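S.K.: Below you'll find query.pdb; it's PDB, C-alpha atoms.
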ATOM      1  CA  MET A  68     134.120  71.158  72.017
ATOM      2  CA  LYS A  69     134.024  68.958  75.134
ATOM      3  CA  ARG A  70     136.477  69.793  77.915
ATOM      4  CA  ILE A  71     137.774  66.752  79.775
ATOM      5  CA  SER A  72     140.026  67.058  82.829
ATOM      6  CA  ILE A  73     142.519  64.176  82.944
ATOM      7  CA  THR A  74     143.878  63.140  86.348
ATOM      8  CA  LEU A  75     146.641  60.592  86.820
ATOM      9  CA  PHE A  76     146.799  58.433  89.921
ATOM     10  CA  ILE A  77     150.400  57.507  90.792
ATOM     11  CA  PHE A  78     151.328  55.104  93.558
ATOM     12  CA  ILE A  79     154.576  55.957  95.332
ATOM     13  CA  PHE A  80     156.229  53.193  97.231
ATOM     14  CA  VAL A  81     158.858  54.220  99.761
ATOM     15  CA  SER A  82     161.800  51.824  99.811
ATOM     16  CA  VAL A  83     162.386  49.983 103.045
ATOM     17  CA  ILE A  84     165.579  48.141 101.902
ATOM     18  CA  SER A  85     168.504  48.876 104.124
ATOM     19  CA  SER A  86     171.132  50.276 101.794
ATOM     20  CA  PRO A  87     172.924  53.561 101.327
ATOM     21  CA  TYR A  88     170.716  54.325  98.327
ATOM     22  CA  SER A  89     167.322  53.302  99.610
ATOM     23  CA  THR A  90     166.435  56.217 101.831
ATOM     24  CA  THR A  91     163.300  58.262 102.200
ATOM     25  CA  LYS A  92     165.395  61.323 101.482
ATOM     26  CA  ALA A  93     165.027  60.443  97.818
ATOM     27  CA  TYR A  94     161.352  61.233  98.204
ATOM     28  CA  ALA A  95     161.724  64.435 100.196
ATOM     29  CA  PHE A  96     159.713  66.362  97.615
ATOM     30  CA  PHE A  97     156.718  64.163  98.491
ATOM     31  CA  ASP A  98     156.825  65.562 102.043
ATOM     32  CA  GLN A  99     157.908  62.292 103.683
ATOM     33  CA  MET A 100     154.978  60.234 102.406
ATOM     34  CA  LYS A 101     154.110  56.876 103.863
ATOM     35  CA  ALA A 102     154.612  53.650 101.966
ATOM     36  CA  SER A 103     151.965  52.891  99.332
ATOM     37  CA  GLU A 104     150.430  56.406  99.687
ATOM     38  CA  MET A 105     148.570  57.570  96.573
ATOM     39  CA  VAL A 106     149.362  60.893  94.890
ATOM     40  CA  ASN A 107     146.709  62.700  92.831
ATOM     41  CA  ILE A 108     148.318  64.783  90.085
ATOM     42  CA  SER A 109     146.244  66.757  87.587
ATOM     43  CA  ILE A 110     148.135  67.192  84.340
ATOM     44  CA  GLY A 111     145.753  69.403  82.399
ATOM     45  CA  THR A 112     142.569  69.799  80.384
ATOM     46  CA  PHE A 113     141.995  68.546  76.873
ATOM     47  CA  GLU A 114     139.335  69.548  74.320
ATOM     48  CA  ILE A 115     137.522  66.815  72.463
ATOM     49  CA  GLY A 116     135.251  67.768  69.573
ATOM     50  CA  VAL A 117     131.559  66.781  69.447
ATOM     51  CA  SER A 118     130.843  64.957  66.209
ATOM     52  CA  GLU A 119     128.210  65.837  63.649
ATOM     53  CA  TRP A 120     125.001  63.778  63.664
ATOM     54  CA  ASP A 121     125.564  60.416  62.003
ATOM     55  CA  PRO A 122     122.557  58.236  61.046
ATOM     56  CA  SER A 123     124.666  55.118  61.372
ATOM     57  CA  VAL A 124     125.463  55.721  65.034
ATOM     58  CA  ASN A 125     123.421  53.927  67.672
ATOM     59  CA  TYR A 126     123.072  56.858  70.054
ATOM     60  CA  GLN A 127     122.465  56.381  73.775
ATOM     61  CA  ILE A 128     120.753  58.672  76.253
ATOM     62  CA  GLY A 129     123.148  61.485  77.161
ATOM     63  CA  ASP A 130     125.085  61.397  73.894
ATOM     64  CA  ARG A 131     125.647  64.744  72.220
ATOM     65  CA  PHE A 132     126.180  65.754  68.618
ATOM     66  CA  THR A 133     125.879  68.813  66.397
ATOM     67  CA  PHE A 134     123.352  69.367  63.634
ATOM     68  CA  ASP A 135     122.417  72.485  61.689
ATOM     69  CA  GLY A 136     124.967  74.475  63.691
ATOM     70  CA  LYS A 137     123.351  73.564  67.030
ATOM     71  CA  LEU A 138     124.306  71.292  69.896
ATOM     72  CA  TRP A 139     121.898  68.437  70.682
ATOM     73  CA  GLU A 140     121.546  65.779  73.343
ATOM     74  CA  VAL A 141     119.739  62.455  73.230
ATOM     75  CA  ARG A 142     117.032  62.435  75.914
ATOM     76  CA  ALA A 143     115.074  59.308  74.914
ATOM     77  CA  LEU A 144     115.771  56.202  72.900
ATOM     78  CA  GLY A 145     114.225  55.922  69.468
ATOM     79  CA  ASP A 146     114.830  55.962  65.747
ATOM     80  CA  PHE A 147     117.997  57.933  65.102
ATOM     81  CA  THR A 148     118.054  57.426  61.332
ATOM     82  CA  ARG A 149     116.579  60.939  61.037
ATOM     83  CA  PRO A 150     118.145  64.117  62.443
ATOM     84  CA  PRO A 151     116.496  66.587  64.875
ATOM     85  CA  GLU A 152     114.079  68.296  62.504
ATOM     86  CA  GLY A 153     110.416  68.055  61.509
ATOM     87  CA  ASP A 154     108.408  65.688  63.691
ATOM     88  CA  LYS A 155     111.572  64.699  65.518
ATOM     89  CA  LEU A 156     111.446  68.113  67.191
ATOM     90  CA  ARG A 157     108.562  67.701  69.613
ATOM     91  CA  PRO A 158     107.892  67.744  73.336
ATOM     92  CA  PHE A 159     109.196  64.602  75.043
ATOM     93  CA  GLY A 160     110.906  63.692  71.775
ATOM     94  CA  PRO A 161     114.290  61.989  71.442
ATOM     95  CA  TYR A 162     116.281  65.185  70.915
ATOM     96  CA  GLN A 163     116.853  68.228  73.126
ATOM     97  CA  GLU A 164     118.673  71.316  71.906
ATOM     98  CA  ILE A 165     121.343  72.445  74.376
ATOM     99  CA  THR A 166     120.832  76.211  74.596
ATOM    100  CA  GLU A 167     119.942  78.782  77.223
ATOM    101  CA  GLU A 168     117.212  80.157  74.937
ATOM    102  CA  TYR A 169     113.685  78.754  75.321
ATOM    103  CA  ARG A 170     112.652  76.241  72.641
ATOM    104  CA  ASP A 171     109.045  75.092  72.316
ATOM    105  CA  TYR A 172     110.204  71.605  71.267
ATOM    106  CA  ASN A 173     112.397  71.125  74.347
ATOM    107  CA  THR A 174     111.115  69.474  77.519
ATOM    108  CA  TYR A 175     111.999  71.174  80.801
ATOM    109  CA  PHE A 176     112.179  69.984  84.377
ATOM    110  CA  GLU A 177     111.987  71.651  87.773
ATOM    111  CA  GLY A 178     114.880  74.067  88.226
ATOM    112  CA  ASP A 179     115.702  74.406  84.519
ATOM    113  CA  SER A 180     116.541  77.960  83.474
ATOM    114  CA  VAL A 181     115.748  79.536  80.092
ATOM    115  CA  LEU A 182     115.865  82.938  78.454
ATOM    116  CA  PHE A 183     112.794  84.255  76.671
ATOM    117  CA  GLU A 184     112.474  87.774  75.264
ATOM    118  CA  GLY A 185     115.367  88.926  77.435
ATOM    119  CA  ILE A 186     113.930  87.601  80.723
ATOM    120  CA  GLU A 187     115.219  84.591  82.641
ATOM    121  CA  TYR A 188     112.618  82.020  83.714
ATOM    122  CA  ILE A 189     112.900  79.072  86.123
ATOM    123  CA  ALA A 190     110.758  75.934  85.674
ATOM    124  CA  LEU A 191     108.719  75.245  88.814
ATOM    125  CA  PHE A 192     107.849  71.623  88.031
ATOM    126  CA  ASN A 193     108.685  68.763  85.683
ATOM    127  CA  GLY A 194     107.420  68.249  82.164
ATOM    128  CA  LEU A 195     107.034  71.807  80.898
ATOM    129  CA  SER A 196     106.932  71.504  77.130
ATOM    130  CA  GLY A 197     105.358  73.840  74.603
ATOM    131  CA  GLU A 198     104.163  76.282  77.296
ATOM    132  CA  THR A 199     105.659  79.667  76.503
ATOM    133  CA  PRO A 200     107.236  81.407  79.521
ATOM    134  CA  GLY A 201     105.222  84.409  80.648
ATOM    135  CA  THR A 202     101.923  82.926  79.428
ATOM    136  CA  VAL A 203     101.316  80.087  81.896
ATOM    137  CA  PHE A 204     101.820  79.315  85.563
ATOM    138  CA  GLY A 205     104.853  77.067  85.914
ATOM    139  CA  TRP A 206     107.516  79.435  84.689
ATOM    140  CA  GLU A 207     108.772  81.947  87.273
ATOM    141  CA  ALA A 208     110.159  85.130  85.752
ATOM    142  CA  GLN A 209     113.364  86.287  87.456
ATOM    143  CA  THR A 210     112.546  89.998  87.456
ATOM    144  CA  ASN A 211     111.249  92.563  89.938
ATOM    145  CA  ILE A 212     108.652  93.697  87.379
ATOM    146  CA  TRP A 213     105.246  92.266  88.350
ATOM    147  CA  GLN A 214     104.312  89.259  86.189
ATOM    148  CA  PRO A 215     100.719  87.955  85.893
ATOM    149  CA  PHE A 216     101.825  84.297  85.917
ATOM    150  CA  ASN A 217     104.267  84.551  88.821
ATOM    151  CA  GLN A 218     102.996  83.473  92.218
ATOM    152  CA  TYR A 219     104.054  85.793  95.026
ATOM    153  CA  SER A 220     104.460  85.234  98.747
ATOM    154  CA  GLN A 221     104.362  87.531 101.745
ATOM    155  CA  GLY A 222     107.304  89.928 101.713
ATOM    156  CA  ASP A 223     107.899  89.817  97.943
ATOM    157  CA  ILE A 224     108.414  93.248  96.390
ATOM    158  CA  VAL A 225     107.533  94.065  92.777
ATOM    159  CA  LEU A 226     107.445  97.093  90.514
ATOM    160  CA  PHE A 227     104.177  97.869  88.727
ATOM    161  CA  GLU A 228     103.513 101.002  86.657
ATOM    162  CA  GLY A 229     106.404 102.790  88.344
ATOM    163  CA  ILE A 230     105.291 102.021  91.929
ATOM    164  CA  GLU A 231     106.817  99.458  94.297
ATOM    165  CA  TYR A 232     104.410  97.057  96.010
ATOM    166  CA  GLU A 233     104.946  94.549  98.827
ATOM    167  CA  ALA A 234     102.938  91.342  99.103
ATOM    168  CA  ILE A 235     101.313  91.126 102.552
ATOM    169  CA  GLN A 236      99.929  87.612 102.068
ATOM    170  CA  ASN A 237     100.841  84.358 100.314
ATOM    171  CA  GLY A 238      99.503  82.938  97.071
ATOM    172  CA  LEU A 239      99.075  86.132  95.055
ATOM    173  CA  LEU A 240      98.687  85.093  91.420
ATOM    174  CA  GLY A 241      97.336  87.145  88.510
ATOM    175  CA  ASP A 242      95.994  90.037  90.616
ATOM    176  CA  GLU A 243      97.393  93.401  89.582
ATOM    177  CA  PRO A 244      98.923  95.427  92.412
ATOM    178  CA  GLY A 245      96.795  98.438  93.305
ATOM    179  CA  THR A 246      93.522  96.653  92.484
ATOM    180  CA  ILE A 247      93.124  94.226  95.403
ATOM    181  CA  VAL A 248      93.857  93.884  99.104
ATOM    182  CA  GLY A 249      97.072  91.879  99.359
ATOM    183  CA  TRP A 250      99.480  94.301  97.750
ATOM    184  CA  ASN A 251     100.620  97.352  99.758
ATOM    185  CA  ALA A 252     101.915 100.262  97.689
ATOM    186  CA  LEU A 253     105.200 101.502  99.192
ATOM    187  CA  VAL A 254     104.299 105.196  98.935
ATOM    188  CA  ASP A 255     103.470 107.934 101.463
ATOM    189  CA  GLU A 256     100.144 108.842  99.844
ATOM    190  CA  TRP A 257      97.104 107.009 101.224
ATOM    191  CA  GLN A 258      96.040 104.069  99.020
ATOM    192  CA  GLU A 259      92.568 102.560  98.927
ATOM    193  CA  PHE A 260      93.751  98.922  98.830
ATOM    194  CA  ASN A 261      96.585  99.281 101.350
ATOM    195  CA  VAL A 262      96.260  97.762 104.817
ATOM    196  CA  TYR A 263      97.442 100.061 107.605
ATOM    197  CA  ASP A 264      98.318  99.163 111.189
ATOM    198  CA  THR A 265      98.407 101.273 114.339
ATOM    199  CA  GLY A 266     101.043 103.989 113.989
ATOM    200  CA  ASP A 267     101.306 103.872 110.180
ATOM    201  CA  GLN A 268     101.461 107.340 108.656
ATOM    202  CA  VAL A 269     100.135 108.603 105.311
ATOM    203  CA  THR A 270      99.657 111.862 103.452
ATOM    204  CA  PHE A 271      96.283 112.860 102.049
ATOM    205  CA  ASN A 272      95.291 116.183 100.453
ATOM    206  CA  GLY A 273      98.503 117.770 101.732
ATOM    207  CA  ASN A 274      97.956 116.675 105.343
ATOM    208  CA  ARG A 275      99.694 113.935 107.319
ATOM    209  CA  TYR A 276      97.747 111.347 109.304
ATOM    210  CA  GLU A 277      98.512 108.475 111.675
ATOM    211  CA  ALA A 278      96.420 105.320 111.989
ATOM    212  CA  ASN A 279      94.779 104.901 115.418
ATOM    213  CA  PHE A 280      94.215 101.201 114.730
ATOM    214  CA  TRP A 281      94.042  98.674 111.853
ATOM    215  CA  THR A 282      92.292 100.176 108.866
ATOM    216  CA  GLN A 283      91.742  99.472 105.184
ATOM    217  CA  GLY A 284      89.745 101.469 102.648
ATOM    218  CA  ASP A 285      88.934 104.272 105.107
ATOM    219  CA  GLU A 286      89.885 107.598 103.552
ATOM    220  CA  PRO A 287      91.506 109.971 106.094
ATOM    221  CA  SER A 288      88.849 112.673 105.952
ATOM    222  CA  GLY A 289      85.544 113.655 107.553
ATOM    223  CA  ASP A 290      84.314 111.317 110.291
ATOM    224  CA  ASN A 291      87.300 109.016 109.705
ATOM    225  CA  VAL A 292      89.564 111.593 111.407
ATOM    226  CA  GLY A 293      89.539 112.150 115.148
ATOM    227  CA  GLU A 294      90.653 110.841 118.525
ATOM    228  CA  PHE A 295      88.513 107.709 118.289
ATOM    229  CA  ALA A 296      88.306 107.426 114.492
ATOM    230  CA  GLN A 297      90.544 105.429 112.126
ATOM    231  CA  TRP A 298      92.929 108.343 111.595
ATOM    232  CA  ARG A 299      94.256 111.306 113.530
ATOM    233  CA  LEU A 300      95.754 114.407 111.980
ATOM    234  CA  ILE A 301      99.424 114.875 112.903
ATOM    235  CA  GLU A 302     100.595 117.547 110.478
ATOM    236  CA  THR A 303      98.833 120.079 108.283
ATOM    237  CA  THR A 304      99.925 123.023 106.164
ATOM    238  CA  ILE A 305      97.759 126.110 106.321
ATOM    239  CA  ASP A 306      97.690 128.233 103.185
ATOM    240  CA  PRO A 307      96.623 131.906 103.134
ATOM    241  CA  SER A 308      93.338 130.930 101.455
ATOM    242  CA  ASP A 309      92.361 128.299 104.059
ATOM    243  CA  THR A 310      89.475 128.883 106.449
ATOM    244  CA  GLU A 311      89.443 125.621 108.421
ATOM    245  CA  HIS A 312      91.443 122.476 109.175
ATOM    246  CA  PRO A 313      90.520 119.183 110.893
ATOM    247  CA  PHE A 314      92.182 119.565 114.308
ATOM    248  CA  GLY A 315      90.950 119.999 117.872
ATOM    249  CA  ASP A 316      92.265 121.038 121.285
ATOM    250  CA  GLU A 317      95.612 119.335 120.567
ATOM    251  CA  VAL A 318      96.539 122.347 118.429
ATOM    252  CA  LEU A 319      97.324 124.212 121.677
ATOM    253  CA  ASN A 320     100.270 121.831 122.234
ATOM    254  CA  ALA A 321     101.406 121.830 118.615
ATOM    255  CA  THR A 322     104.663 122.882 116.971
ATOM    256  CA  ILE A 323     103.951 125.712 114.539
ATOM    257  CA  THR A 324     106.346 126.818 111.789
ATOM    258  CA  LEU A 325     105.687 130.059 109.911
ATOM    259  CA  ASP A 326     107.482 130.445 106.573
ATOM    260  CA  GLY A 327     110.200 128.021 107.706
ATOM    261  CA  VAL A 328     110.695 129.528 111.193
ATOM    262  CA  ILE A 329     109.537 127.673 114.325
ATOM    263  CA  ILE A 330     107.504 130.139 116.381
ATOM    264  CA  VAL A 331     105.773 127.633 118.693
ATOM    265  CA  GLU A 332     107.349 124.359 119.880
ATOM    266  CA  ASP A 333     105.268 121.757 121.722
ATOM    267  CA  GLY A 334     102.815 124.436 122.799
ATOM    268  CA  GLU A 335     105.514 126.844 124.030
ATOM    269  CA  ILE A 336     106.063 130.218 122.327
ATOM    270  CA  ASN A 337     109.545 130.800 120.891
ATOM    271  CA  THR A 338     109.751 134.507 121.695
ATOM    272  CA  GLU A 339     113.142 135.000 120.018
ATOM    273  CA  ASN A 340     111.980 133.598 116.666
ATOM    274  CA  ALA A 341     108.665 135.435 116.981
ATOM    275  CA  ALA A 342     110.501 138.730 117.542
ATOM    276  CA  THR A 343     112.670 138.050 114.494
ATOM    277  CA  LEU A 344     109.483 137.903 112.409
ATOM    278  CA  GLY A 345     108.005 140.919 114.174
ATOM    279  CA  LEU A 346     105.215 138.862 115.732
ATOM    280  CA  SER A 347     103.363 138.999 119.005
ATOM    281  CA  ILE A 348     101.905 135.600 119.901
ATOM    282  CA  THR A 349      99.073 134.900 122.324
ATOM    283  CA  LYS A 350      97.891 131.499 123.538
ATOM    284  CA  ASP A 351      94.326 131.794 124.843
ATOM    285  CA  ASP A 352      93.634 128.649 126.842
ATOM    286  CA  GLY A 353      90.166 129.860 127.787
ATOM    287  CA  GLY A 354      89.069 130.617 124.265
ATOM    288  CA  VAL A 355      91.237 127.748 122.943
ATOM    289  CA  TYR A 356      92.991 129.569 120.129
ATOM    290  CA  TRP A 357      96.347 130.890 118.974
ATOM    291  CA  GLU A 358      96.616 134.503 117.917
ATOM    292  CA  PHE A 359      99.517 135.887 115.884
ATOM    293  CA  ASP A 360      99.768 139.693 115.538
ATOM    294  CA  GLY A 361     102.099 141.436 113.142
ATOM    295  CA  ASP A 362     101.149 143.641 110.228
ATOM    296  CA  GLY A 363      97.835 141.828 110.469
ATOM    297  CA  ARG A 364      96.289 139.115 112.605
ATOM    298  CA  LEU A 365      95.989 135.353 112.284
ATOM    299  CA  ARG A 366      93.860 133.339 114.673
ATOM    300  CA  ILE A 367      93.794 129.532 114.796
ATOM    301  CA  ARG A 368      90.998 128.025 116.881
ATOM    302  CA  SER A 369      90.918 124.538 118.348
ATOM    303  CA  ASN A 370      87.709 123.792 116.432
ATOM    304  CA  GLY A 371      89.704 124.047 113.197
ATOM    305  CA  ASN A 372      88.487 127.541 112.312
ATOM    306  CA  ILE A 373      91.121 129.853 110.823
ATOM    307  CA  GLN A 374      90.691 133.637 110.721
ATOM    308  CA  ILE A 375      93.001 135.964 108.824
ATOM    309  CA  GLN A 376      92.494 139.687 109.427
ATOM    310  CA  GLN A 377      94.108 142.938 108.289
ATOM    311  CA  ASN A 378      96.290 141.392 105.595
ATOM    312  CA  PHE A 379      98.359 139.014 107.686
ATOM    313  CA  ASN A 380     100.792 137.909 104.943
ATOM    314  CA  PHE A 381     102.553 134.547 104.863
ATOM    315  CA  GLU A 382     103.368 131.794 102.371
ATOM    316  CA  SER A 383     102.803 128.716 104.520
ATOM    317  CA  LEU A 384     102.158 127.762 108.118
ATOM    318  CA  VAL A 385     102.864 124.171 109.198
ATOM    319  CA  VAL A 386     101.131 122.749 112.266
ATOM    320  CA  GLU A 387     102.619 119.549 113.762
ATOM    321  CA  LEU A 388     100.214 118.049 116.293
ATOM    322  CA  PRO A 389     101.413 116.052 119.332
TER     323      PRO A 389
END
Show me, as structure tokens, the structure contained in the file I just sent.

M.R.:
Amino acid sequence: MKRISITLFIFIFVSVISSPYSTTKAYAFFDQMKASEMVNISIGTFEIGVSEWDPSVNYQIGDRFTFDGKLWEVRALGDFTRPPEGDKLRPFGPYQEITEEYRDYNTYFEGDSVLFEGIEYIALFNGLSGETPGTVFGWEAQTNIWQPFNQYSQGDIVLFEGIEYEAIQNGLLGDEPGTIVGWNALVDEWQEFNVYDTGDQVTFNGNRYEANFWTQGDEPSGDNVGEFAQWRLIETTIDPSDTEHPFGDEVLNATITLDGVIIVEDGEINTENAATLGLSITKDDGGVYWEFDGDGRLRIRSNGNIQIQQNFNFESLVVELP
């Protein structure tokens, strides 16, 4: 049914005749309107039915009718002696079905919205007809799930195989996130195709690293870690089975946590916490190592060498480097 709002336009003329009965007080409910002022009064909405298709009607562009339980609109002039079926249902044909669902016989224009397989798509340009959404460039899927035929711009965020990615450049089209430079995975773990800037932090093999400068594709290990390399180690967890870790002299100014208790903070021994654990701690600046004595002995050298003697028992030791 068509809904048509009917508005009446009423002209109110205020009497100017000098008589006891011709006074503006009679029009007080019009808030002392001026002579000849127009009043706009809406008196309601009516429903007018859309007729069934009639072969005898000379339809014009914009006319609507129903056929086969569907609503149709005339989009182009032509032969209307046959209803919208068969060859009359074609791209750029005379009839267009009025529905939010995608129809391959409809013709769409920039900004048109359709539903296809539960996803909303927006037409990016005029004349889309017969091109199924999700299979061609021209339909933009309105979803945060990455779509191969969507074009993405810098700052766009998508979800792909359970991971969020952010576009770091414009014009990304058809390239799966995680396979090319251009998509940055929004995860802590180092990613081969991510671009990292100075100060960015990642985790890799249980350690935490910070980028010294712009880097891409450089795994934080080996020669890529160091004061003048792409990455520097900022936090590492030492397990009882470890024998070495990639740090240097900066370990002497580290914060060290043993089994959840801070025993060294910024290179200074926390004697109270150490006593609670029954530890004696020595910082040997000459030999550049830390030594922790309890039931056994643990020595951490600035060259990354770790020595555990006489059954020094612990679950984990976290070293945060300055």

S.K.: Using the chain letters and residue numbers of this document, give as a ChimeraX atom specification the residues selected by the PyMOL selection byres ((chain A and resi 317) around 12).

M.R.: /A:293-294,299-302,313-316,318-322,333-334,352,355-357,367-371,386-389

S.K.: Given the PyMOL selection byres ((chain A and resi 241) around 7) and the file above, list the residues it selects as an mmCIF file with C-alpha atoms, in the coordinates of the input.

M.R.:
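Generated file (expr_30.cif):
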data_model
loop_
_atom_site.group_PDB
_atom_site.id
_atom_site.type_symbol
_atom_site.label_atom_id
_atom_site.label_comp_id
_atom_site.auth_asym_id
_atom_site.auth_seq_id
_atom_site.Cartn_x
_atom_site.Cartn_y
_atom_site.Cartn_z
ATOM 1 C CA PRO A 215 100.719 87.955 85.893
ATOM 2 C CA PHE A 216 101.825 84.297 85.917
ATOM 3 C CA LEU A 239 99.075 86.132 95.055
ATOM 4 C CA LEU A 240 98.687 85.093 91.420
ATOM 5 C CA ASP A 242 95.994 90.037 90.616
ATOM 6 C CA GLU A 243 97.393 93.401 89.582
#

S.K.: Would you please work out which residue, of A:Asp223, A:Glu164, A:Glu177, A:Asp306, is nearest to Val141 (chain A) when using all atoms listed in the file?

M.R.: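 Comparing A:Asp223, A:Glu164, A:Glu177, A:Asp306 against Val141 (chain A), the winner is A:Glu164.
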
S.K.: Interatomic distance between CA of Thr338 (chain A) and CA of Asp360 (chain A)?

M.R.: 12.8 Å

S.K.: Check which residues satisfy the PyMOL selection byres ((chain A and resi 207-214) around 7) in the file shown, then give them as a PDB file with C-alpha atoms, in the frame of the given file.

M.R.:
ATOM      1  CA  ILE A 186     113.930  87.601  80.723  1.00  0.00           C
ATOM      2  CA  GLU A 187     115.219  84.591  82.641  1.00  0.00           C
ATOM      3  CA  TYR A 188     112.618  82.020  83.714  1.00  0.00           C
ATOM      4  CA  ILE A 189     112.900  79.072  86.123  1.00  0.00           C
ATOM      5  CA  ALA A 190     110.758  75.934  85.674  1.00  0.00           C
ATOM      6  CA  LEU A 191     108.719  75.245  88.814  1.00  0.00           C
ATOM      7  CA  GLY A 205     104.853  77.067  85.914  1.00  0.00           C
ATOM      8  CA  TRP A 206     107.516  79.435  84.689  1.00  0.00           C
ATOM      9  CA  PRO A 215     100.719  87.955  85.893  1.00  0.00           C
ATOM     10  CA  PHE A 216     101.825  84.297  85.917  1.00  0.00           C
ATOM     11  CA  ASN A 217     104.267  84.551  88.821  1.00  0.00           C
ATOM     12  CA  VAL A 225     107.533  94.065  92.777  1.00  0.00           C
ATOM     13  CA  LEU A 226     107.445  97.093  90.514  1.00  0.00           C
ATOM     14  CA  PHE A 227     104.177  97.869  88.727  1.00  0.00           C
TER      15      PHE A 227
END

S.K.: So, with all atoms listed in the file as the atoms that count, which of A:Thr310, A:Asn237, A:Thr166, A:Asn261 lies closest to Trp281 (chain A)?

M.R.: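 Smallest separation from Trp281 (chain A) among the options: A:Asn261.
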
S.K.: So how many Å separate CA of Gly229 (chain A) and CA of Arg275 (chain A), to one decimal?

M.R.: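 CA of Arg275 (chain A) lies 23.0 Å from CA of Gly229 (chain A).
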
S.K.: Please identify all polymer residues lying at most 9 Å from the point (120.7, 77.3, 84.9) (file coordinates), using all atoms listed in the file, and present the result as a count of residues only.

M.R.: 6

S.K.: Quick check, in Å to one decimal: how far apart do CA of Gly145 (chain A) and CA of Gly160 (chain A) lie?

M.R.: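 Atom-to-atom, CA of Gly145 (chain A) and CA of Gly160 (chain A) are spaced 8.8 Å apart.
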
S.K.: With distances taken over all atoms listed in the file, which residue among A:Ile247, A:Val385, A:Ile165, A:Val124 lies nearest Lys137 (chain A)?

M.R.: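 Distance minimum relative to Lys137 (chain A) lands on A:Ile165.
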
S.K.: Please determine, counting only C-alpha atoms, which residue among A:Asp264, A:Asp135, A:Glu184, A:Asp130 has the shortest atom-to-atom distance to Tyr162 (chain A).

M.R.: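 Looking at the shortest contact to Tyr162 (chain A), the residue is A:Asp130.
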
S.K.: Env of Glu286 (chain A): 8 Å cut, atoms = all atoms listed in the file, seq-sep filter 2 positions within chain, self excluded. Answer as a ChimeraX atom specification.

M.R.: /A:257,259,284,288,291
